[in-house]
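Source file model_20.txt; content: compact mmCIF, C-alpha atoms.
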```txt
# COMPACT_ATOMS: atom_id res chain seq x y z
CA MET A 516 -11.27 -44.48 11.86
CA LYS A 517 -11.71 -40.70 11.83
CA SER A 518 -11.41 -40.61 15.61
CA GLY A 519 -8.12 -42.55 15.47
CA ALA A 520 -6.75 -40.26 12.78
CA HIS A 521 -7.77 -37.23 14.85
CA ALA A 522 -5.96 -38.63 17.90
CA SER A 523 -2.84 -39.27 15.81
CA GLU A 524 -2.89 -35.66 14.62
CA TRP A 525 -3.09 -34.35 18.18
CA GLN A 526 -0.22 -36.65 19.15
CA ALA A 527 1.79 -35.20 16.26
CA TYR A 528 0.97 -31.65 17.40
CA LEU A 529 2.24 -32.46 20.92
CA LEU A 530 5.42 -34.11 19.66
CA LEU A 531 6.17 -31.23 17.29
CA THR A 532 5.57 -28.65 20.04
CA ILE A 533 8.03 -30.47 22.33
CA THR A 534 10.46 -30.61 19.42
CA ALA A 535 10.25 -26.84 18.93
CA PHE A 536 10.79 -26.26 22.67
CA LEU A 537 13.92 -28.43 22.74
CA TRP A 538 15.26 -26.82 19.57
CA GLY A 539 14.59 -23.41 21.09
CA GLY A 540 16.79 -24.53 23.98
CA ASN A 541 19.44 -25.59 21.46
CA MET A 542 19.88 -21.92 20.47
CA THR A 543 20.70 -21.01 24.07
CA ALA A 544 22.96 -24.07 24.43
CA GLY A 545 24.85 -23.03 21.31
CA LYS A 546 25.32 -19.53 22.68
CA LEU A 547 26.46 -20.86 26.06
CA ALA A 548 29.00 -23.04 24.22
CA VAL A 549 30.99 -20.01 23.02
CA GLY A 550 34.44 -20.25 24.62
CA HIS A 551 33.67 -23.63 26.21
CA VAL A 552 33.36 -25.94 23.18
CA SER A 553 33.85 -24.96 19.53
CA PRO A 554 31.02 -25.29 16.96
CA MET A 555 32.31 -28.26 14.96
CA VAL A 556 33.50 -30.18 18.02
CA LEU A 557 30.07 -29.69 19.61
CA ASN A 558 28.40 -30.74 16.36
CA SER A 559 30.39 -33.98 16.18
CA LEU A 560 30.13 -34.90 19.87
CA ARG A 561 26.36 -34.39 20.06
CA TRP A 562 25.64 -36.82 17.21
CA THR A 563 28.15 -39.35 18.53
CA MET A 564 26.43 -39.27 21.92
CA ALA A 565 22.94 -39.56 20.42
CA ALA A 566 23.92 -42.57 18.29
CA MET A 567 25.60 -44.36 21.20
CA VAL A 568 22.76 -43.79 23.70
CA LEU A 569 20.00 -44.88 21.33
CA GLY A 570 22.12 -47.75 20.00
CA LEU A 571 22.37 -49.28 23.47
CA PHE A 572 18.59 -49.79 23.54
CA SER A 573 18.07 -50.70 19.89
CA LEU A 574 20.32 -53.67 19.11
CA PRO A 575 17.46 -56.01 18.06
CA GLN A 576 16.08 -53.39 15.66
CA ILE A 577 19.55 -52.66 14.27
CA ARG A 578 20.16 -56.37 13.54
CA ARG A 579 16.75 -56.69 11.87
CA ASP A 580 17.11 -53.59 9.69
CA TRP A 581 20.80 -53.88 8.89
CA PRO A 582 20.23 -55.13 5.28
CA VAL A 583 18.12 -52.02 4.59
CA VAL A 584 20.78 -49.77 6.10
CA ARG A 585 23.49 -51.42 3.99
CA ARG A 586 21.48 -50.97 0.78
CA ASN A 587 20.68 -47.32 1.49
CA TRP A 588 23.92 -46.05 3.04
CA PRO A 589 24.47 -43.21 0.48
CA ALA A 590 21.02 -41.75 1.22
CA ILE A 591 21.52 -42.22 4.97
CA LEU A 592 24.84 -40.38 4.81
CA ALA A 593 23.18 -37.54 2.86
CA PHE A 594 20.33 -37.22 5.38
CA GLY A 595 22.80 -37.01 8.27
CA ALA A 596 25.18 -34.69 6.43
CA VAL A 597 22.54 -32.15 5.38
CA GLY A 598 19.85 -32.33 8.07
CA TYR A 599 22.11 -32.85 11.06
CA THR A 600 25.70 -31.79 10.38
CA ALA A 601 25.25 -28.92 7.90
CA TYR A 602 22.29 -27.46 9.78
CA ASN A 603 24.07 -27.37 13.12
CA ALA A 604 27.42 -26.32 11.64
CA PHE A 605 25.73 -23.21 10.22
CA LEU A 606 23.66 -22.72 13.38
CA TYR A 607 26.48 -22.95 15.93
CA SER A 608 28.79 -20.85 13.75
CA GLY A 609 26.07 -18.20 13.49
CA LEU A 610 25.65 -18.17 17.26
CA GLN A 611 29.30 -17.15 17.57
CA LEU A 612 28.41 -13.89 15.80
CA THR A 613 24.81 -13.01 16.66
CA SER A 614 22.32 -13.40 19.51
CA ALA A 615 20.35 -16.50 20.40
CA ILE A 616 17.14 -14.44 20.02
CA ASN A 617 18.07 -13.49 16.45
CA VAL A 618 18.94 -17.07 15.50
CA SER A 619 15.74 -18.37 17.09
CA MET A 620 13.55 -15.97 15.13
CA ILE A 621 15.39 -16.52 11.85
CA GLN A 622 14.47 -20.21 12.07
CA ALA A 623 10.92 -19.04 11.36
CA SER A 624 11.93 -18.96 7.68
CA LEU A 625 12.01 -22.78 7.70
CA PRO A 626 8.32 -23.33 6.81
CA PHE A 627 8.54 -20.83 3.96
CA CYS A 628 11.62 -22.64 2.59
CA ILE A 629 9.83 -26.00 2.92
CA LEU A 630 6.81 -24.61 1.11
CA ALA A 631 8.97 -23.21 -1.71
CA ILE A 632 10.93 -26.44 -2.17
CA ASN A 633 7.76 -28.55 -2.12
CA PHE A 634 6.15 -26.31 -4.73
CA ALA A 635 9.27 -26.26 -6.93
CA LEU A 636 9.69 -30.04 -6.88
CA PHE A 637 6.16 -31.39 -6.53
CA ARG A 638 3.87 -28.42 -7.27
CA THR A 639 2.41 -28.86 -3.77
CA ARG A 640 -0.08 -26.03 -3.37
CA SER A 641 -1.19 -24.11 -0.30
CA THR A 642 -4.29 -22.11 0.54
CA VAL A 643 -4.40 -18.32 0.46
CA LEU A 644 -4.49 -18.23 4.27
CA GLN A 645 -1.45 -20.49 4.50
CA MET A 646 0.45 -18.29 2.07
CA THR A 647 -0.54 -15.20 4.06
CA GLY A 648 0.66 -16.86 7.26
CA PHE A 649 3.96 -17.83 5.67
CA MET A 650 4.47 -14.28 4.41
CA LEU A 651 3.80 -12.89 7.89
CA THR A 652 6.45 -15.15 9.40
CA LEU A 653 8.86 -14.19 6.62
CA ALA A 654 8.21 -10.53 7.42
CA GLY A 655 9.07 -11.34 11.03
CA VAL A 656 12.36 -12.89 9.95
CA ALA A 657 13.15 -9.86 7.77
CA THR A 658 12.46 -7.58 10.75
CA VAL A 659 14.97 -9.47 12.91
CA VAL A 660 17.64 -9.74 10.21
CA SER A 661 17.39 -6.01 9.42
CA GLN A 662 17.02 -5.06 13.11
CA GLY A 663 13.90 -3.14 12.15
CA GLU A 664 15.71 -1.18 9.42
CA MET A 665 14.60 -2.63 6.07
CA ARG A 666 17.16 -0.52 4.19
CA LYS A 667 19.76 -3.01 5.46
CA LEU A 668 18.12 -5.69 3.35
CA LEU A 669 18.34 -3.49 0.25
CA HIS A 670 22.04 -2.83 0.79
CA LEU A 671 22.81 -6.34 2.10
CA ASP A 672 24.20 -4.76 5.26
CA LEU A 673 23.57 -7.92 7.28
CA ASN A 674 25.22 -9.63 10.22
CA LEU A 675 27.20 -12.68 9.07
CA GLY A 676 25.78 -14.64 11.99
CA ASP A 677 22.24 -13.95 10.76
CA LEU A 678 23.17 -15.12 7.26
CA LEU A 679 24.62 -18.34 8.68
CA ALA A 680 21.36 -18.87 10.59
CA LEU A 681 19.47 -18.48 7.30
CA ALA A 682 21.77 -21.05 5.67
CA ALA A 683 20.97 -23.41 8.54
CA ALA A 684 17.24 -22.98 7.90
CA LEU A 685 17.71 -23.76 4.21
CA SER A 686 19.67 -26.93 5.02
CA TYR A 687 17.00 -28.27 7.36
CA SER A 688 14.24 -27.38 4.91
CA GLY A 689 15.84 -29.56 2.25
CA TYR A 690 16.18 -32.39 4.77
CA THR A 691 12.53 -32.09 5.81
CA VAL A 692 11.23 -32.28 2.23
CA ALA A 693 13.55 -35.20 1.46
CA LEU A 694 12.16 -37.25 4.38
CA ARG A 695 9.53 -38.56 1.95
CA TRP A 696 12.36 -40.67 0.47
CA LYS A 697 13.72 -41.96 3.76
CA PRO A 698 14.51 -45.70 3.86
CA PRO A 699 11.87 -48.03 5.39
CA LEU A 700 13.49 -48.35 8.82
CA ASP A 701 12.36 -48.58 12.42
CA TRP A 702 12.45 -45.00 13.78
CA ARG A 703 15.22 -45.91 16.22
CA VAL A 704 17.42 -47.36 13.51
CA MET A 705 16.65 -44.39 11.29
CA VAL A 706 17.75 -41.84 13.91
CA ILE A 707 20.89 -43.89 14.73
CA SER A 708 21.72 -44.20 11.02
CA PHE A 709 21.28 -40.48 10.39
CA CYS A 710 23.37 -39.71 13.49
CA CYS A 711 26.16 -41.96 12.21
CA GLY A 712 25.98 -40.20 8.85
CA ALA A 713 26.22 -36.89 10.70
CA VAL A 714 29.29 -38.02 12.65
CA ILE A 715 31.07 -39.09 9.44
CA ALA A 716 30.19 -35.80 7.74
CA SER A 717 31.39 -33.82 10.76
CA ILE A 718 34.91 -35.29 10.79
CA PRO A 719 36.33 -33.01 8.03
CA LEU A 720 34.83 -29.98 9.80
CA VAL A 721 36.45 -30.90 13.12
CA ALA A 722 39.73 -31.51 11.28
CA ALA A 723 39.46 -28.03 9.75
CA GLU A 724 38.92 -26.49 13.20
CA ILE A 725 41.96 -28.32 14.54
CA ALA A 726 44.08 -27.22 11.55
CA LEU A 727 43.00 -23.60 12.05
CA GLY A 728 43.77 -23.78 15.77
CA SER A 729 40.17 -22.91 16.71
CA ALA A 730 39.06 -26.29 18.09
CA ILE A 731 37.93 -26.20 21.72
CA TRP A 732 37.16 -29.49 23.45
CA PRO A 733 34.80 -29.40 26.46
CA HIS A 734 36.88 -28.77 29.55
CA ASP A 735 34.49 -27.40 32.19
CA ALA A 736 30.96 -27.84 33.53
CA ILE A 737 29.41 -25.54 30.92
CA GLY A 738 31.14 -27.27 28.01
CA PHE A 739 30.19 -30.77 29.17
CA GLY A 740 26.66 -29.62 30.08
CA VAL A 741 26.08 -28.16 26.62
CA VAL A 742 27.30 -31.35 24.93
CA LEU A 743 25.09 -33.47 27.20
CA TYR A 744 21.99 -31.35 26.54
CA ALA A 745 22.60 -31.12 22.79
CA GLY A 746 23.35 -34.82 22.49
CA LEU A 747 20.27 -36.08 24.35
CA PHE A 748 17.51 -33.56 23.72
CA PRO A 749 17.78 -31.65 20.42
CA SER A 750 19.72 -34.50 18.80
CA LEU A 751 17.96 -37.64 20.01
CA ILE A 752 14.49 -36.87 21.32
CA SER A 753 13.66 -34.00 18.96
CA GLN A 754 14.77 -35.79 15.79
CA ALA A 755 12.66 -38.84 16.63
CA PHE A 756 9.63 -36.66 17.45
CA PHE A 757 10.06 -34.61 14.28
CA ILE A 758 10.26 -37.67 12.01
CA ARG A 759 7.07 -39.01 13.61
CA GLY A 760 5.29 -35.68 13.22
CA VAL A 761 6.21 -35.43 9.53
CA ASP A 762 4.94 -39.00 9.02
CA VAL A 763 1.53 -38.14 10.50
CA ILE A 764 0.72 -34.65 9.16
CA GLY A 765 3.22 -34.14 6.31
CA PRO A 766 6.20 -31.77 5.88
CA ASN A 767 4.23 -28.58 5.08
CA ARG A 768 2.07 -28.69 8.24
CA ALA A 769 4.86 -30.10 10.40
CA GLY A 770 7.13 -27.29 9.23
CA ILE A 771 4.75 -24.70 10.65
CA PHE A 772 5.51 -25.90 14.18
CA ILE A 773 9.15 -24.99 13.67
CA ASN A 774 7.95 -21.40 13.92
CA LEU A 775 7.44 -22.03 17.63
CA ILE A 776 11.25 -22.05 17.93
CA PRO A 777 11.45 -18.24 18.11
CA VAL A 778 8.77 -18.18 20.81
CA PHE A 779 10.48 -20.77 23.01
CA GLY A 780 13.98 -19.68 21.98
CA THR A 781 13.32 -16.06 22.89
CA ILE A 782 11.84 -16.93 26.29
CA ILE A 783 14.73 -19.27 27.13
CA ALA A 784 17.38 -16.79 25.93
CA VAL A 785 15.90 -14.00 28.04
CA LEU A 786 15.66 -16.22 31.14
CA VAL A 787 19.00 -18.03 30.84
CA LEU A 788 21.27 -15.66 28.89
CA ASP A 789 19.73 -12.41 30.11
CA GLU A 790 19.52 -11.21 26.50
CA GLN A 791 17.49 -8.05 26.00
CA LEU A 792 14.35 -7.81 23.89
CA SER A 793 14.27 -4.83 21.53
CA GLY A 794 11.23 -3.23 19.95
CA PHE A 795 11.91 -4.93 16.61
CA HIS A 796 12.04 -8.31 18.41
CA ALA A 797 8.54 -7.71 19.80
CA ILE A 798 7.21 -6.77 16.35
CA ALA A 799 8.85 -9.84 14.81
CA LEU A 800 7.41 -12.11 17.51
CA VAL A 801 3.88 -10.86 16.83
CA LEU A 802 4.35 -11.44 13.08
CA VAL A 803 5.77 -14.92 13.61
CA VAL A 804 3.09 -16.11 16.06
CA GLY A 805 0.33 -14.60 13.92
CA GLY A 806 1.72 -16.31 10.87
CA ILE A 807 1.79 -19.69 12.63
CA ALA A 808 -1.84 -19.37 13.71
CA LEU A 809 -3.04 -18.20 10.30
CA ALA A 810 -1.14 -20.86 8.36
CA GLN A 811 -2.39 -23.67 10.59
CA TRP A 812 -5.98 -22.38 10.51
CA GLY A 813 -5.85 -22.13 6.72
CA LYS A 814 -4.54 -25.63 6.06
CA PRO A 815 -6.25 -27.46 3.17
CA LYS A 816 -9.41 -29.27 4.26
CA PRO A 817 -9.41 -33.06 3.77
CA ALA A 818 -11.37 -34.31 0.79
```
Once you've parsed the file, please lay out its structure as structure tokens.
Amino acid sequence: MKSGAHASEWQAYLLLTITAFLWGGNMTAGKLAVGHVSPMVLNSLRWTMAAMVLGLFSLPQIRRDWPVVRRNWPAILAFGAVGYTAYNAFLYSGLQLTSAINVSMIQASLPFCILAINFALFRTRSTVLQMTGFMLTLAGVATVVSQGEMRKLLHLDLNLGDLLALAAALSYSGYTVALRWKPPLDWRVMVISFCCGAVIASIPLVAAEIALGSAIWPHDAIGFGVVLYAGLFPSLISQAFFIRGVDVIGPNRAGIFINLIPVFGTIIAVLVLDEQLSGFHAIALVLVVGGIALAQWGKPKPA
């Protein structure tokens, strides 16, 4: 039994690492989208694509679980609206105003937000080493947001794009904690249902973009490529892997792997976007990676 549980944990670690890699790529995709597809249009199209692709292979499961979906549609809409639509609306909007490296590193605040919400709602406690690790990653985020000048935090002299990235992290943290209340559905039906909820929630945002004259529909290879990548990888594969990882090792430990986003996101942004690493980025990266290692090493031992 212990051997099987150990194997499941390692499977969860692998799935969560792949998830972080694909989400790191999502930061670069969002930056590439600027001028080729607008944030809310991209947000809506990616979830529509994910739902349609997975739905084609999941009709038997959908028919079987439809009564559960019908009973739980308000919760399903909320999961999709907060975890999928709100998160990416903030994220893609932030990428219009700040670098993909900054946004990637700011996502390291996710585990700290998850920890805080879990403690506030359920008094879930962490070890001293975990808390130290979380604080290190938070220091890394503060270094990025302030560009190495902490006085900016004191005077709230912050880039709006960075603040939107922080709002994205808070949205996904709430979604991650709330997964404990997800309906009892096959994982495929669950992802499809959340995607459909995300599409519905995205409609008013797309309408607002159209009304403001800022909507851009994909019209070239970059625009269509970004939609294709976002719809299949960060939207479909990553969400399924993340749900499975949370099921196996819980939201607190799963959340730590999200801190790999700045590692992968930074590497991808430098290679693909030719963004430049500054000294404060290097310091932040050391703090983030050190925090991940310390928090995972200090996880509570099983009774």
- Show which residues sit within 12 Å of Leu537 in chain A, as a list in words. Count all atoms listed in the file, and ignore same-chain residues fewer than 5 positions away. Leu530, Leu531, Thr532, Met542, Thr543, Ala544, Ser619, Tyr744, Ala745, Gly746, Leu747, Phe748, Pro749, Ser750, Leu751, Ile752, Ser753, Gln754, Phe756, Phe757, Ile773, Leu775, Ile776, Pro777, Val778, Phe779, Gly780 and Ile783 of chain A
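Taking only C-alpha atoms into account, the protein, DNA and RNA residues within 9 Å of (20.5, -43.0, 6.1) read Val584, Asn587, Trp588, Pro589, Ala590, Ile591, Leu592, Ala593, Phe594, Gly595, Lys697, Pro698, Met705, Val706, Ile707, Ser708, Phe709, Cys710, Cys711 and Gly712 of chain A.
Within 9 Å of the file-frame point (32.4, -28.6, 22.1), and using all atoms listed in the file, the polymer residues found are A:Ala548, A:Val549, A:Gly550, A:His551, A:Val552, A:Ser553, A:Pro554, A:Met555, A:Val556, A:Leu557, A:Asn558, A:Ser559, A:Leu560, A:Arg561, A:Ala730, A:Ile731, A:Trp732, A:Pro733, A:His734, A:Gly738, A:Phe739, A:Val741, A:Val742.
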- Message: Using only C-alpha atoms, can you tell me which of A:Asn774, A:Ser614, A:Ser717, A:Thr647 comes closest to Asp789 in chain A?
- Response: A:Ser614
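Nearest to Ile629 in chain A of all the residues A:Gln645, A:Ser729, A:Ser688, A:Ser608 is A:Ser688, based on only C-alpha atoms.
Picture a line from CA of Gln791 in chain A to CA of Ile737 in chain A; it runs 21.7 Å.
Minimum atom-to-atom distances from A:Leu571, A:Leu694, A:Ala683, A:Ile715 to Arg759 in chain A were compared using only C-alpha atoms, and the lowest value belongs to A:Leu694.
The nearest approach to Val704 in chain A among the residues A:Asn617, A:Ala601, A:Ile632, A:Ala755, with only C-alpha atoms taken into account, belongs to A:Ala755.
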- Query: Of the candidates A:Leu700, A:Leu610, A:Leu653, A:Val597, which shows the shortest atom-to-atom distance to Asp580 in chain A, using only C-alpha atoms?
  - Reply: A:Leu700
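Residue nearest Tyr599 in chain A within the list A:Met650, A:Ile764, A:Leu786, A:Ala713: A:Ala713 [criterion: smallest interatomic distance, all atoms listed in the file].
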